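Trainee: Can you keep this structure in mind? I'll have questions shortly.
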Amino acid sequence: MKLVSLNVARPRLALYKGATINTGIFKQPVSGRLPLRTLNLDGDQQADLAVHGGLYKAVYAYPSEHYEYWRGELPEIDLPWGMFGENFTTAGLADADLHVGDRFRIGSATVMVRQPRMPCYKLAAKFQRDDMIERFLLSGRSGLYFSVDQEGEVGERDSIELVSSNDDGITIAEINRLFVRDKYNRELLQKAIATTALPESWREYFLPRLRGPAVNI
C-alpha cells in the first residue's frame with residue numbers, strides 16, 4: 001500500500017449553472033513532503049468549514065484503482081490524480097476492506113479511518129455534470145476520510161502501513177451500502193451504531209432507521 005499522489009489546493013472561484021461558487025475541490029499534485037496536521041495538510045484549505053474539514057475529515061483519500069472505473073464511465077473527461085478532490089491518491093486501499101477505526105502510518109504521521117465521502121454539488125461543479133453526485137453515490141466508490149492521530153510529514157510514494165485493525169467496525173463499503181442501497185439492513189445499522197470510532201453524526205443519522213421505514217396508513 002502506498003501514497004501515489006499528494007494533492008492540495010486553496011479555495012478558488014468557479015462557475016456552475018450560472019452561479020459563482022467558492023471551492024477547494026480543485027486539488028493539484030505536489031512534490032516533496034508536507035506536514036499533516038490535526039485539521040489538514042499544509043497548503044490545503046476548505047472553503048466551507050460547516051460541511052468540509054474538521055477533526056473527522058482532516059484528509060480525504062481516494063483509491064487510484066477507482067480511476068479505471070471512471071475512465072470507462074467518463075471517457076471524454078481527463079482524469080488526473082486529484083480529480084475527485086482527494087488529498088491522498090492511494091494504491092492498495094479498498095473501501096470494502098477498510099474498517100472505521102483502522103489506523104495507518106503514512107510517512108511519520110498516523111491516521112484513522114473515520115467515514116466515507118458524501119458528495120455535494122461542488123463535485124458536480126468540478127465535472128460540470130448535473131448527474132455526477134448520483135453517479136458517484138451509485139458507484140459505491142466513495143473513498144474515505146481520515147482523522148489524524150499523530151501529526152507528521154507525508155509525501156508522494158510513502159508507504160501506507162497498517163498499525164491496528166478494528167475488525168469489528170463497519171467498513172466504508174458497508175456504510176455506502178446503508179446510505180444508498182440497503183437503508184434498513186438491521187445488522188449493518190447495529191454494526192454502524194456500535195462502531196465507536198464512527199462520528200456521532202453518523203450514528204444519529206442511522207439510529208432512526210432501526211425503527212424501519214415509515215408506513216403511510
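Just so we're on the same page: first chain in the C-alpha cells is A, next is B, and so on; residues restart at 1 for each chain, and ligands are numbered from 1 in the order they show up.
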I'd like the neighbourhood of Gln28 of chain A as a list in words, where a residue qualifies if any of its atoms comes within 8 Å (using only C-alpha atoms), though same-chain residues fewer than 6 positions away should be ignored.
Mentor: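 Once the nearby chain positions are removed, what remains is Asn7, Val8, Ala9, Trp81 and Gly82 of chain A.
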Trainee: Pull C-alpha atoms from the residues just selected and write them as a PDB file, in the first residue's frame.
Mentor:
ATOM      1  CA  ASN A   7      -2.797  16.794  -3.716  1.00  0.00           C
ATOM      2  CA  VAL A   8      -3.673  20.181  -2.211  1.00  0.00           C
ATOM      3  CA  ALA A   9      -5.483  23.393  -3.133  1.00  0.00           C
ATOM      4  CA  TRP A  81      -4.756  12.423  -9.864  1.00  0.00           C
ATOM      5  CA  GLY A  82      -6.700  14.659  -7.505  1.00  0.00           C
TER       6      GLY A  82
END
Trainee: Mind dumping a table of every segment 30-114 of chain A residue within 8 Å of segment 189-210 of chain A, with the nearest atom pair and its distance in Å to one decimal, using only C-alpha atoms, sorted by chain and rising number, as JSON lines?
Mentor:
{"residue": "A:Tyr56", "atom": "CA", "partner": "A:Pro199", "partner_atom": "CA", "distance": 7.1}
{"residue": "A:Val100", "atom": "CA", "partner": "A:Ala197", "partner_atom": "CA", "distance": 6.2}
{"residue": "A:Gly101", "atom": "CA", "partner": "A:Ala197", "partner_atom": "CA", "distance": 5.2}
{"residue": "A:Arg114", "atom": "CA", "partner": "A:Leu198", "partner_atom": "CA", "distance": 5.8}
Trainee: For the residues selected in the previous step, produce a file with C-alpha atoms as a short mmCIF file (atom, residue, chain, number, x, y, z; two decimals), in the first residue's frame.
Mentor:
data_model
loop_
_atom_site.label_atom_id
_atom_site.label_comp_id
_atom_site.auth_asym_id
_atom_site.auth_seq_id
_atom_site.Cartn_x
_atom_site.Cartn_y
_atom_site.Cartn_z
CA TYR A 56 -13.11 13.68 11.31
CA VAL A 100 -13.87 2.62 10.62
CA GLY A 101 -11.27 2.74 13.40
CA ARG A 114 -13.43 7.65 10.01
#
Trainee: Leaving out Tyr67 of chain A and any residue of its chain fewer than 2 positions from it, which residues lie within 12 Å of it when counting only C-alpha atoms, given as a ChimeraX atom specification?
Mentor: /A:62-65,69-75,77-84,89-91,136,139,141-143
Trainee: Fewer than 3 positions away in the same chain doesn't count, so skip those; otherwise give me all residues within 12 Å of Phe179 of chain A, counting only C-alpha atoms, as a ChimeraX atom specification.
Mentor: /A:115-118,137-138,140,142,172-176,182-185,188-189,192,202,205-206,209
Trainee: Could you write out the selected residues, including N, CA, C and O atoms, as an mmCIF file, in the first residue's frame?
Mentor:
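This is the output file result.cif:
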data_model
loop_
_atom_site.group_PDB
_atom_site.id
_atom_site.type_symbol
_atom_site.label_atom_id
_atom_site.label_comp_id
_atom_site.auth_asym_id
_atom_site.auth_seq_id
_atom_site.Cartn_x
_atom_site.Cartn_y
_atom_site.Cartn_z
ATOM 1 N N GLN A 115 -14.812 7.770 7.983
ATOM 2 C CA GLN A 115 -16.102 7.808 7.301
ATOM 3 C C GLN A 115 -15.898 7.894 5.794
ATOM 4 O O GLN A 115 -14.824 8.285 5.334
ATOM 5 N N PRO A 116 -16.934 7.552 5.020
ATOM 6 C CA PRO A 116 -16.864 7.742 3.576
ATOM 7 C C PRO A 116 -17.106 9.196 3.206
ATOM 8 O O PRO A 116 -17.538 10.001 4.034
ATOM 9 N N ARG A 117 -16.876 9.511 1.964
ATOM 10 C CA ARG A 117 -17.150 10.856 1.454
ATOM 11 C C ARG A 117 -18.569 10.874 0.872
ATOM 12 O O ARG A 117 -18.930 10.055 0.043
ATOM 13 N N MET A 118 -19.366 11.810 1.318
ATOM 14 C CA MET A 118 -20.685 12.059 0.747
ATOM 15 C C MET A 118 -20.576 13.295 -0.140
ATOM 16 O O MET A 118 -20.263 14.381 0.352
ATOM 17 N N LEU A 137 -22.520 8.322 -5.989
ATOM 18 C CA LEU A 137 -23.138 7.547 -4.911
ATOM 19 C C LEU A 137 -23.446 6.124 -5.360
ATOM 20 O O LEU A 137 -23.164 5.150 -4.643
ATOM 21 N N LEU A 138 -24.047 5.975 -6.528
ATOM 22 C CA LEU A 138 -24.432 4.648 -7.010
ATOM 23 C C LEU A 138 -23.224 3.777 -7.325
ATOM 24 O O LEU A 138 -23.310 2.550 -7.275
ATOM 25 N N GLY A 140 -20.645 3.381 -5.516
ATOM 26 C CA GLY A 140 -20.090 2.786 -4.304
ATOM 27 C C GLY A 140 -18.617 3.086 -4.107
ATOM 28 O O GLY A 140 -17.991 2.565 -3.182
ATOM 29 N N SER A 142 -16.595 5.658 -2.942
ATOM 30 C CA SER A 142 -16.636 6.929 -2.217
ATOM 31 C C SER A 142 -15.274 7.449 -1.788
ATOM 32 O O SER A 142 -15.099 8.646 -1.585
ATOM 33 N N ILE A 172 -16.104 0.953 5.163
ATOM 34 C CA ILE A 172 -16.513 2.076 4.319
ATOM 35 C C ILE A 172 -17.540 1.608 3.284
ATOM 36 O O ILE A 172 -18.553 2.279 3.050
ATOM 37 N N ALA A 173 -17.319 0.455 2.687
ATOM 38 C CA ALA A 173 -18.256 -0.066 1.692
ATOM 39 C C ALA A 173 -19.615 -0.360 2.308
ATOM 40 O O ALA A 173 -20.656 -0.146 1.676
ATOM 41 N N GLU A 174 -19.635 -0.851 3.542
ATOM 42 C CA GLU A 174 -20.909 -1.148 4.199
ATOM 43 C C GLU A 174 -21.697 0.126 4.511
ATOM 44 O O GLU A 174 -22.930 0.136 4.405
ATOM 45 N N ILE A 175 -21.000 1.191 4.886
ATOM 46 C CA ILE A 175 -21.698 2.461 5.111
ATOM 47 C C ILE A 175 -22.309 2.955 3.796
ATOM 48 O O ILE A 175 -23.455 3.416 3.758
ATOM 49 N N ASN A 176 -21.553 2.851 2.709
ATOM 50 C CA ASN A 176 -22.083 3.247 1.405
ATOM 51 C C ASN A 176 -23.325 2.436 1.053
ATOM 52 O O ASN A 176 -24.304 2.975 0.522
ATOM 53 N N ASP A 182 -29.259 -0.212 0.753
ATOM 54 C CA ASP A 182 -29.795 -1.164 1.739
ATOM 55 C C ASP A 182 -30.047 -0.419 3.044
ATOM 56 O O ASP A 182 -29.494 -0.734 4.090
ATOM 57 N N LYS A 183 -30.943 0.572 2.984
ATOM 58 C CA LYS A 183 -31.054 1.574 4.031
ATOM 59 C C LYS A 183 -31.562 1.037 5.368
ATOM 60 O O LYS A 183 -31.335 1.659 6.406
ATOM 61 N N TYR A 184 -32.271 -0.089 5.361
ATOM 62 C CA TYR A 184 -32.889 -0.583 6.597
ATOM 63 C C TYR A 184 -32.360 -1.956 7.003
ATOM 64 O O TYR A 184 -33.042 -2.715 7.677
ATOM 65 N N ASN A 185 -31.122 -2.261 6.587
ATOM 66 C CA ASN A 185 -30.483 -3.515 6.978
ATOM 67 C C ASN A 185 -30.122 -3.431 8.468
ATOM 68 O O ASN A 185 -29.197 -2.729 8.863
ATOM 69 N N LEU A 188 -26.470 -4.297 9.603
ATOM 70 C CA LEU A 188 -25.485 -3.266 9.302
ATOM 71 C C LEU A 188 -25.724 -1.998 10.117
ATOM 72 O O LEU A 188 -24.775 -1.336 10.543
ATOM 73 N N LEU A 189 -26.987 -1.655 10.338
ATOM 74 C CA LEU A 189 -27.295 -0.485 11.169
ATOM 75 C C LEU A 189 -26.748 -0.659 12.581
ATOM 76 O O LEU A 189 -26.128 0.247 13.153
ATOM 77 N N ALA A 192 -22.985 -0.365 12.533
ATOM 78 C CA ALA A 192 -22.556 1.035 12.421
ATOM 79 C C ALA A 192 -22.665 1.746 13.762
ATOM 80 O O ALA A 192 -21.732 2.431 14.202
ATOM 81 N N TRP A 202 -23.039 10.372 12.268
ATOM 82 C CA TRP A 202 -23.475 9.195 11.509
ATOM 83 C C TRP A 202 -24.385 8.311 12.355
ATOM 84 O O TRP A 202 -25.388 7.783 11.864
ATOM 85 N N TYR A 205 -27.715 9.722 12.479
ATOM 86 C CA TYR A 205 -28.383 9.542 11.188
ATOM 87 C C TYR A 205 -28.964 8.134 11.060
ATOM 88 O O TYR A 205 -30.072 7.948 10.536
ATOM 89 N N PHE A 206 -28.224 7.133 11.540
ATOM 90 C CA PHE A 206 -28.652 5.742 11.381
ATOM 91 C C PHE A 206 -29.671 5.283 12.424
ATOM 92 O O PHE A 206 -30.493 4.405 12.142
ATOM 93 N N ARG A 209 -33.381 4.698 11.664
ATOM 94 C CA ARG A 209 -33.675 3.663 10.677
ATOM 95 C C ARG A 209 -33.919 2.300 11.317
ATOM 96 O O ARG A 209 -34.495 1.410 10.682
#
Trainee: Where does DSSP see helix (DSSP H, G or I) in segment 45-80 of chain A, if you list the residues as a list in words?
Mentor: Leu55, Tyr56, Lys57, Glu65, His66, Tyr67, Glu68, Tyr69, Trp70, Arg71, Gly72 and Glu73 of chain A
Trainee: Write a file of the selected residues as a PDB file, in the first residue's frame, keeping N, CA, C and O atoms.
Mentor:
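The new file result_28.pdb reads:
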ATOM      1  N   LEU A  55     -12.057  17.655  12.487  1.00  0.00           N
ATOM      2  CA  LEU A  55     -11.303  16.537  13.052  1.00  0.00           C
ATOM      3  C   LEU A  55     -11.536  15.228  12.315  1.00  0.00           C
ATOM      4  O   LEU A  55     -10.613  14.434  12.132  1.00  0.00           O
ATOM      5  N   TYR A  56     -12.775  14.972  11.908  1.00  0.00           N
ATOM      6  CA  TYR A  56     -13.108  13.683  11.307  1.00  0.00           C
ATOM      7  C   TYR A  56     -13.047  13.693   9.784  1.00  0.00           C
ATOM      8  O   TYR A  56     -13.365  12.700   9.142  1.00  0.00           O
ATOM      9  N   LYS A  57     -12.652  14.835   9.219  1.00  0.00           N
ATOM     10  CA  LYS A  57     -12.471  14.948   7.769  1.00  0.00           C
ATOM     11  C   LYS A  57     -11.166  15.692   7.483  1.00  0.00           C
ATOM     12  O   LYS A  57     -11.097  16.539   6.602  1.00  0.00           O
ATOM     13  N   GLU A  65      -7.267   2.879  -7.812  1.00  0.00           N
ATOM     14  CA  GLU A  65      -7.939   1.794  -8.534  1.00  0.00           C
ATOM     15  C   GLU A  65      -9.321   2.205  -9.046  1.00  0.00           C
ATOM     16  O   GLU A  65      -9.803   1.670 -10.048  1.00  0.00           O
ATOM     17  N   HIS A  66      -9.957   3.169  -8.379  1.00  0.00           N
ATOM     18  CA  HIS A  66     -11.281   3.625  -8.823  1.00  0.00           C
ATOM     19  C   HIS A  66     -11.219   4.425 -10.121  1.00  0.00           C
ATOM     20  O   HIS A  66     -12.226   4.543 -10.836  1.00  0.00           O
ATOM     21  N   TYR A  67     -10.059   4.968 -10.418  1.00  0.00           N
ATOM     22  CA  TYR A  67      -9.939   5.789 -11.623  1.00  0.00           C
ATOM     23  C   TYR A  67     -10.208   4.990 -12.885  1.00  0.00           C
ATOM     24  O   TYR A  67     -10.748   5.532 -13.858  1.00  0.00           O
ATOM     25  N   GLU A  68      -9.837   3.711 -12.903  1.00  0.00           N
ATOM     26  CA  GLU A  68     -10.070   2.897 -14.090  1.00  0.00           C
ATOM     27  C   GLU A  68     -11.565   2.779 -14.376  1.00  0.00           C
ATOM     28  O   GLU A  68     -12.005   2.842 -15.536  1.00  0.00           O
ATOM     29  N   TYR A  69     -12.360   2.618 -13.311  1.00  0.00           N
ATOM     30  CA  TYR A  69     -13.818   2.574 -13.468  1.00  0.00           C
ATOM     31  C   TYR A  69     -14.323   3.877 -14.084  1.00  0.00           C
ATOM     32  O   TYR A  69     -15.124   3.873 -15.035  1.00  0.00           O
ATOM     33  N   TRP A  70     -13.864   5.005 -13.558  1.00  0.00           N
ATOM     34  CA  TRP A  70     -14.358   6.287 -14.035  1.00  0.00           C
ATOM     35  C   TRP A  70     -13.875   6.607 -15.447  1.00  0.00           C
ATOM     36  O   TRP A  70     -14.577   7.296 -16.211  1.00  0.00           O
ATOM     37  N   ARG A  71     -12.713   6.108 -15.824  1.00  0.00           N
ATOM     38  CA  ARG A  71     -12.273   6.308 -17.208  1.00  0.00           C
ATOM     39  C   ARG A  71     -13.198   5.592 -18.179  1.00  0.00           C
ATOM     40  O   ARG A  71     -13.406   6.060 -19.299  1.00  0.00           O
ATOM     41  N   GLY A  72     -13.761   4.458 -17.742  1.00  0.00           N
ATOM     42  CA  GLY A  72     -14.747   3.773 -18.565  1.00  0.00           C
ATOM     43  C   GLY A  72     -16.082   4.483 -18.587  1.00  0.00           C
ATOM     44  O   GLY A  72     -16.772   4.509 -19.605  1.00  0.00           O
ATOM     45  N   GLU A  73     -16.464   5.071 -17.445  1.00  0.00           N
ATOM     46  CA  GLU A  73     -17.740   5.764 -17.338  1.00  0.00           C
ATOM     47  C   GLU A  73     -17.723   7.141 -17.994  1.00  0.00           C
ATOM     48  O   GLU A  73     -18.745   7.594 -18.526  1.00  0.00           O
TER      49      GLU A  73
END
